[in-house]
Amino acid sequence: MIKTAGISKSYGSIQALNDVSFSIGEGEIVGLLGPNGAGKTTTIKILTGYLQPDNGSVSIDGLDVLAEPKKVQSRIGYLPETAPLYPELSIQSYLAMMADLRGIPEERQQRHISEAVYAAGLEKHLTRQIGELSKGFRQRVGLAQAILHLPKLLILDEPTIGLDPTQIVEIRSLIRRLSKVSTILFSTHILSEVEALCDRAIILINGQVRADAYLSELASSSDAILVLEKNIPGAAGRLEALEGVEAVSLESSREGHAHFRIHGEKRVSGSDLCPLIYNLAHENNWPLRELQHDARTLETVFNELATAV
Ligand code: ATP
């Protein structure tokens with residue numbers, strides 16, 4: 001559904017994106033995650049044809065965005081960071097205007113509007129003026145306009161920014177419902193948002209894709225934590241020699257205990273190193289205090305990447 005290859009973009013001397021490539025298949029719900037200034041909005045503007053990259057190519061649903069931006073835009077539902085709403089209009093008039101602008105034939109407009117209004121939970125509020133709505137309701141109107149033309153792909157820029165916790169829960173459940181019929185890419189800087197909604201996260205830091213992983217892959221890491229009562233000379237080397245182990249680090253020696261983090265090889269991700277480590281410790285009479293599987297969370301990965309910059 002989305003394919004980007006080697007996108008770069010600079011604003012004067014600021015390089016916002018540097019060689020960004022990723023693909024998203026039909027039916028996926030993917031979080032584009034990154035700290036402030038990482039390049040999320042720039043990526044989204046390029047995907048939706050509102051900004052031209054300096055280099056690279058983008059295709060949506062098999063169409064080249066640079067060559068056919070209008071055709072691409074007709075296939076996308078886009079919710080920008082601040083949705084262009086008209087405060088003086090009622091929800092009903094605004095959606096009717098958007099249906100016209102989108103070129104939805106008149107005889108189909110009412111059906112499209114009713115479906116979008118129903119999906120966004122706005123049925124009882126159609127006559128209310130947009131300027132009088134709470135932020136959460138305005139966001140719902142933004143989502144309703146984004147899905148009016150039944151797009152195959154929804155691109156949402158920070159859809160829950162500035163909302164209160166109740167509104168966040170509502171908008172997330174709306175996004176979840178929409179994901180049943182559309183592919184969804186949304187940007188966020190909130191880790192829990194990705195964990196709550198997505199199968200997959202693309203982590204953008206300083207304009208570069210630093211990780212692209214299914215959340216289930218992260219949880220299935222084969223890393224382990226071993227704590228010995230005290231450090232044993234040569235223990236790290238013996239652990240590193242175990243089959244399936246890529247690296248071992250002695251993380252700390254709190255209260256005289258030695259904490260080892262044992263990283264499993266990527267190709268055997270999902271396997272459990274703990275039995276091998278236990279046998280090694282047992283055979284050598286190491287003073288074993290603790291041994292556990294270390295499933296990485298999105299938070300661990302994000303923090304590792306963010307602090308490695
Ligand atoms: P945020 O989460 O804060 O919205 P972001 O990840 O969406 O950030 P972008 O808005 O894409 O990041 O910005 C990426 C970089 O490009 C930042 O350093 C930003 O200051 C810069 N930038 C974005 N738009 C412009 C612009 N129009 N002119 C100059 N610099 C810009």
# chains A, B, ... in the order shown; residues from 1 in each chain; ligands from 1
call {"tool": "residues_near_ligand", "arguments": {"ligand": "ligand 1", "cutoff": "9 Å", "atoms": "only C-alpha atoms and all ligand atoms", "output": "PyMOL selection string"}}
result
chain A and resi 9-17+33-45+81+157-158+187-189+204-207
call {"tool": "write_last_selection", "arguments": {"atoms": "N, CA and C atoms", "output": "CSV table (one decimal), in the first residue's frame"}}
result
chain,number,residue,atom,x,y,z
A,9,LYS,N,14.8,15.0,2.7
A,9,LYS,CA,14.2,16.3,2.6
A,9,LYS,C,15.0,17.3,3.5
A,10,SER,N,15.3,18.4,3.0
A,10,SER,CA,15.9,19.5,3.8
A,10,SER,C,15.1,20.7,3.8
A,11,TYR,N,15.1,21.5,4.9
A,11,TYR,CA,14.5,22.8,4.9
A,11,TYR,C,15.7,23.7,5.1
A,12,GLY,N,16.2,24.3,4.0
A,12,GLY,CA,17.4,25.1,4.1
A,12,GLY,C,18.6,24.2,4.7
A,13,SER,N,19.1,24.6,5.8
A,13,SER,CA,20.3,23.9,6.3
A,13,SER,C,19.8,22.7,7.2
A,14,ILE,N,18.5,22.6,7.5
A,14,ILE,CA,18.0,21.5,8.4
A,14,ILE,C,17.6,20.3,7.6
A,15,GLN,N,18.3,19.2,7.8
A,15,GLN,CA,18.0,18.0,7.1
A,15,GLN,C,16.9,17.3,7.9
A,16,ALA,N,15.7,17.3,7.4
A,16,ALA,CA,14.5,16.7,8.2
A,16,ALA,C,14.5,15.2,8.0
A,17,LEU,N,14.7,14.8,6.7
A,17,LEU,CA,14.7,13.3,6.5
A,17,LEU,C,16.0,12.9,5.7
A,33,LEU,N,6.7,6.3,14.9
A,33,LEU,CA,7.0,6.8,16.3
A,33,LEU,C,8.3,7.6,16.3
A,34,GLY,N,8.4,8.7,17.0
A,34,GLY,CA,9.6,9.5,17.0
A,34,GLY,C,9.5,10.7,17.9
A,35,PRO,N,10.6,11.1,18.5
A,35,PRO,CA,10.5,12.3,19.4
A,35,PRO,C,10.2,13.6,18.6
A,36,ASN,N,10.0,14.7,19.2
A,36,ASN,CA,9.7,15.9,18.5
A,36,ASN,C,10.9,16.2,17.6
A,37,GLY,N,10.5,16.7,16.4
A,37,GLY,CA,11.5,17.1,15.4
A,37,GLY,C,12.1,15.9,14.6
A,38,ALA,N,11.6,14.7,14.9
A,38,ALA,CA,12.2,13.5,14.2
A,38,ALA,C,12.0,13.4,12.7
A,39,GLY,N,10.9,14.1,12.3
A,39,GLY,CA,10.6,14.1,10.8
A,39,GLY,C,9.3,13.4,10.5
A,40,LYS,N,8.5,13.2,11.5
A,40,LYS,CA,7.2,12.4,11.3
A,40,LYS,C,6.3,13.2,10.3
A,41,THR,N,6.0,14.5,10.7
A,41,THR,CA,5.1,15.3,9.9
A,41,THR,C,5.7,15.5,8.4
A,42,THR,N,7.0,15.7,8.3
A,42,THR,CA,7.6,15.8,7.0
A,42,THR,C,7.3,14.5,6.2
A,43,THR,N,7.5,13.4,6.8
A,43,THR,CA,7.3,12.1,6.1
A,43,THR,C,5.8,12.0,5.6
A,44,ILE,N,4.9,12.4,6.5
A,44,ILE,CA,3.5,12.3,6.2
A,44,ILE,C,3.1,13.3,5.1
A,45,LYS,N,3.7,14.5,5.1
A,45,LYS,CA,3.3,15.4,4.1
A,45,LYS,C,3.8,14.9,2.7
A,81,GLU,N,-2.0,17.4,11.4
A,81,GLU,CA,-1.9,17.7,12.8
A,81,GLU,C,-3.0,18.7,13.3
A,157,ASP,N,-1.9,12.3,11.4
A,157,ASP,CA,-0.7,13.0,12.1
A,157,ASP,C,-1.0,13.3,13.5
A,158,GLU,N,-0.4,12.6,14.4
A,158,GLU,CA,-0.6,12.8,15.9
A,158,GLU,C,-2.1,12.9,16.2
A,187,SER,N,1.2,8.9,13.1
A,187,SER,CA,2.4,9.4,13.7
A,187,SER,C,2.1,9.7,15.2
A,188,THR,N,3.0,9.5,16.0
A,188,THR,CA,2.9,9.8,17.4
A,188,THR,C,4.2,9.8,18.1
A,189,HIS,N,4.3,10.5,19.3
A,189,HIS,CA,5.5,10.4,20.0
A,189,HIS,C,5.2,9.7,21.3
A,204,LEU,N,11.4,6.6,14.0
A,204,LEU,CA,12.2,7.7,13.2
A,204,LEU,C,12.9,8.5,14.3
A,205,ILE,N,14.2,8.6,14.1
A,205,ILE,CA,15.0,9.5,15.0
A,205,ILE,C,16.0,10.3,14.1
A,206,ASN,N,16.0,11.7,14.3
A,206,ASN,CA,16.8,12.5,13.5
A,206,ASN,C,16.7,12.3,12.0
A,207,GLY,N,15.5,12.1,11.6
A,207,GLY,CA,15.2,12.0,10.2
A,207,GLY,C,15.6,10.6,9.5
call {"tool": "residues_around", "arguments": {"residues": "A:Glu88", "least_positions_apart": "3", "cutoff": "9 Å", "atoms": "only C-alpha atoms", "output": "list of chain:residue names"}}
result
A:Gln129, A:Ile130, A:Gly131, A:Glu132
call {"tool": "select_by_dssp", "arguments": {"residues": "stretch 93-164 of chain A", "states": "alpha helix (DSSP H)", "output": "ChimeraX atom specification"}}
result
/A:93-101,106-119,135-147
call {"tool": "select_by_dssp", "arguments": {"residues": "stretch 152-243 of chain A", "states": "strand (DSSP E or B)", "output": "list in words"}}
result
Leu153, Leu154, Ile155, Leu156, Asp157, Thr183, Ile184, Leu185, Phe186, Ser187, Thr188, Arg200, Ala201, Ile202, Ile203, Leu204, Ile205, Gln208, Val209, Arg210, Ala211, Asp212, Ala213, Tyr214, Ala224, Ile225, Leu226, Val227 and Leu228 of chain A
call {"tool": "write_last_selection", "arguments": {"atoms": "C-alpha atoms", "output": "mmCIF file, in the first residue's frame"}}
result
data_model
loop_
_atom_site.group_PDB
_atom_site.id
_atom_site.type_symbol
_atom_site.label_atom_id
_atom_site.label_comp_id
_atom_site.auth_asym_id
_atom_site.auth_seq_id
_atom_site.Cartn_x
_atom_site.Cartn_y
_atom_site.Cartn_z
ATOM 1 C CA LEU A 153 -5.450 4.227 3.328
ATOM 2 C CA LEU A 154 -5.751 6.505 6.340
ATOM 3 C CA ILE A 155 -2.820 8.716 7.347
ATOM 4 C CA LEU A 156 -3.180 10.437 10.691
ATOM 5 C CA ASP A 157 -0.693 12.967 12.060
ATOM 6 C CA THR A 183 -4.750 0.445 6.110
ATOM 7 C CA ILE A 184 -3.624 2.963 8.739
ATOM 8 C CA LEU A 185 -0.388 4.848 9.297
ATOM 9 C CA PHE A 186 -0.361 7.315 12.159
ATOM 10 C CA SER A 187 2.380 9.351 13.736
ATOM 11 C CA THR A 188 2.864 9.760 17.436
ATOM 12 C CA ARG A 200 4.185 -2.659 13.954
ATOM 13 C CA ALA A 201 6.262 0.406 14.754
ATOM 14 C CA ILE A 202 8.608 2.388 12.557
ATOM 15 C CA ILE A 203 10.910 4.441 14.761
ATOM 16 C CA LEU A 204 12.183 7.655 13.235
ATOM 17 C CA ILE A 205 14.987 9.522 14.974
ATOM 18 C CA GLN A 208 16.291 8.335 9.842
ATOM 19 C CA VAL A 209 14.458 5.046 10.249
ATOM 20 C CA ARG A 210 16.237 3.543 13.249
ATOM 21 C CA ALA A 211 13.936 0.547 13.759
ATOM 22 C CA ASP A 212 11.090 -1.121 11.926
ATOM 23 C CA ALA A 213 9.668 -4.052 13.828
ATOM 24 C CA TYR A 214 6.536 -5.986 14.660
ATOM 25 C CA ALA A 224 18.383 -13.054 29.247
ATOM 26 C CA ILE A 225 19.453 -11.498 32.541
ATOM 27 C CA LEU A 226 21.722 -13.451 34.863
ATOM 28 C CA VAL A 227 22.568 -12.297 38.378
ATOM 29 C CA LEU A 228 25.381 -13.990 40.326
#
call {"tool": "closest_residue", "arguments": {"among": "A:Ile161, A:Ala120, A:Ala241, A:Leu276", "to": "A:Arg177", "atoms": "only C-alpha atoms"}}
result
A:Ala120
call {"tool": "atom_distance", "arguments": {"atom1": "atom CA of A:Pro165", "atom2": "atom CA of A:Leu32"}}
result
20.8 Å
call {"tool": "residues_around", "arguments": {"residues": "stretch 178-180 of chain A", "least_positions_apart": "4", "cutoff": "10 Å", "atoms": "only C-alpha atoms", "output": "number ranges by chain"}}
result
A: 27-29, 119-120, 143, 147, 152-154, 172-174, 184-185, 197-198
call {"tool": "closest_residue", "arguments": {"among": "A:Ala235, A:Ile104, A:Ile175, A:Met98", "to": "A:Pro287", "atoms": "only C-alpha atoms"}}
result
A:Ala235
call {"tool": "atom_distance", "arguments": {"atom1": "atom CA of A:Leu148", "atom2": "atom CA of A:Leu95"}}
result
8.0 Å
call {"tool": "closest_atom_pairs", "arguments": {"of": "stretch 176-251 of chain A", "to": "stretch 279-282 of chain A", "cutoff": "9 Å", "atoms": "only C-alpha atoms", "output": "JSON lines"}}
result
{"residue": "A:Ala235", "atom": "CA", "partner": "A:Ala281", "partner_atom": "CA", "distance": 8.9}
{"residue": "A:Arg238", "atom": "CA", "partner": "A:Leu280", "partner_atom": "CA", "distance": 8.2}
{"residue": "A:Leu239", "atom": "CA", "partner": "A:Leu280", "partner_atom": "CA", "distance": 7.8}
{"residue": "A:Leu242", "atom": "CA", "partner": "A:Leu280", "partner_atom": "CA", "distance": 8.8}
call {"tool": "atom_distance", "arguments": {"atom1": "atom CA of A:Gly25", "atom2": "atom CA of A:Ser222"}}
result
27.0 Å
call {"tool": "residues_around", "arguments": {"residues": "A:Gly6", "least_positions_apart": "3", "cutoff": "6 Å", "atoms": "only C-alpha atoms", "output": "ChimeraX atom specification"}}
result
/A:19-21,56
call {"tool": "write_last_selection", "arguments": {"atoms": "N, CA, C and O atoms", "output": "PDB file, in the first residue's frame"}}
result
ATOM      1  N   ASP A  19      17.335   9.638   3.722  1.00  0.00           N
ATOM      2  CA  ASP A  19      17.320   8.287   3.168  1.00  0.00           C
ATOM      3  C   ASP A  19      16.312   7.364   3.871  1.00  0.00           C
ATOM      4  O   ASP A  19      16.669   6.299   4.367  1.00  0.00           O
ATOM      5  N   VAL A  20      15.069   7.818   3.891  1.00  0.00           N
ATOM      6  CA  VAL A  20      14.018   7.048   4.581  1.00  0.00           C
ATOM      7  C   VAL A  20      13.355   6.060   3.621  1.00  0.00           C
ATOM      8  O   VAL A  20      12.857   6.453   2.568  1.00  0.00           O
ATOM      9  N   SER A  21      13.374   4.785   3.996  1.00  0.00           N
ATOM     10  CA  SER A  21      12.727   3.753   3.178  1.00  0.00           C
ATOM     11  C   SER A  21      11.907   2.840   4.074  1.00  0.00           C
ATOM     12  O   SER A  21      12.367   2.438   5.132  1.00  0.00           O
ATOM     13  N   GLY A  56      14.433  10.532  -3.740  1.00  0.00           N
ATOM     14  CA  GLY A  56      13.679   9.340  -3.357  1.00  0.00           C
ATOM     15  C   GLY A  56      12.334   9.233  -4.045  1.00  0.00           C
ATOM     16  O   GLY A  56      11.901  10.158  -4.740  1.00  0.00           O
TER      17      GLY A  56
END
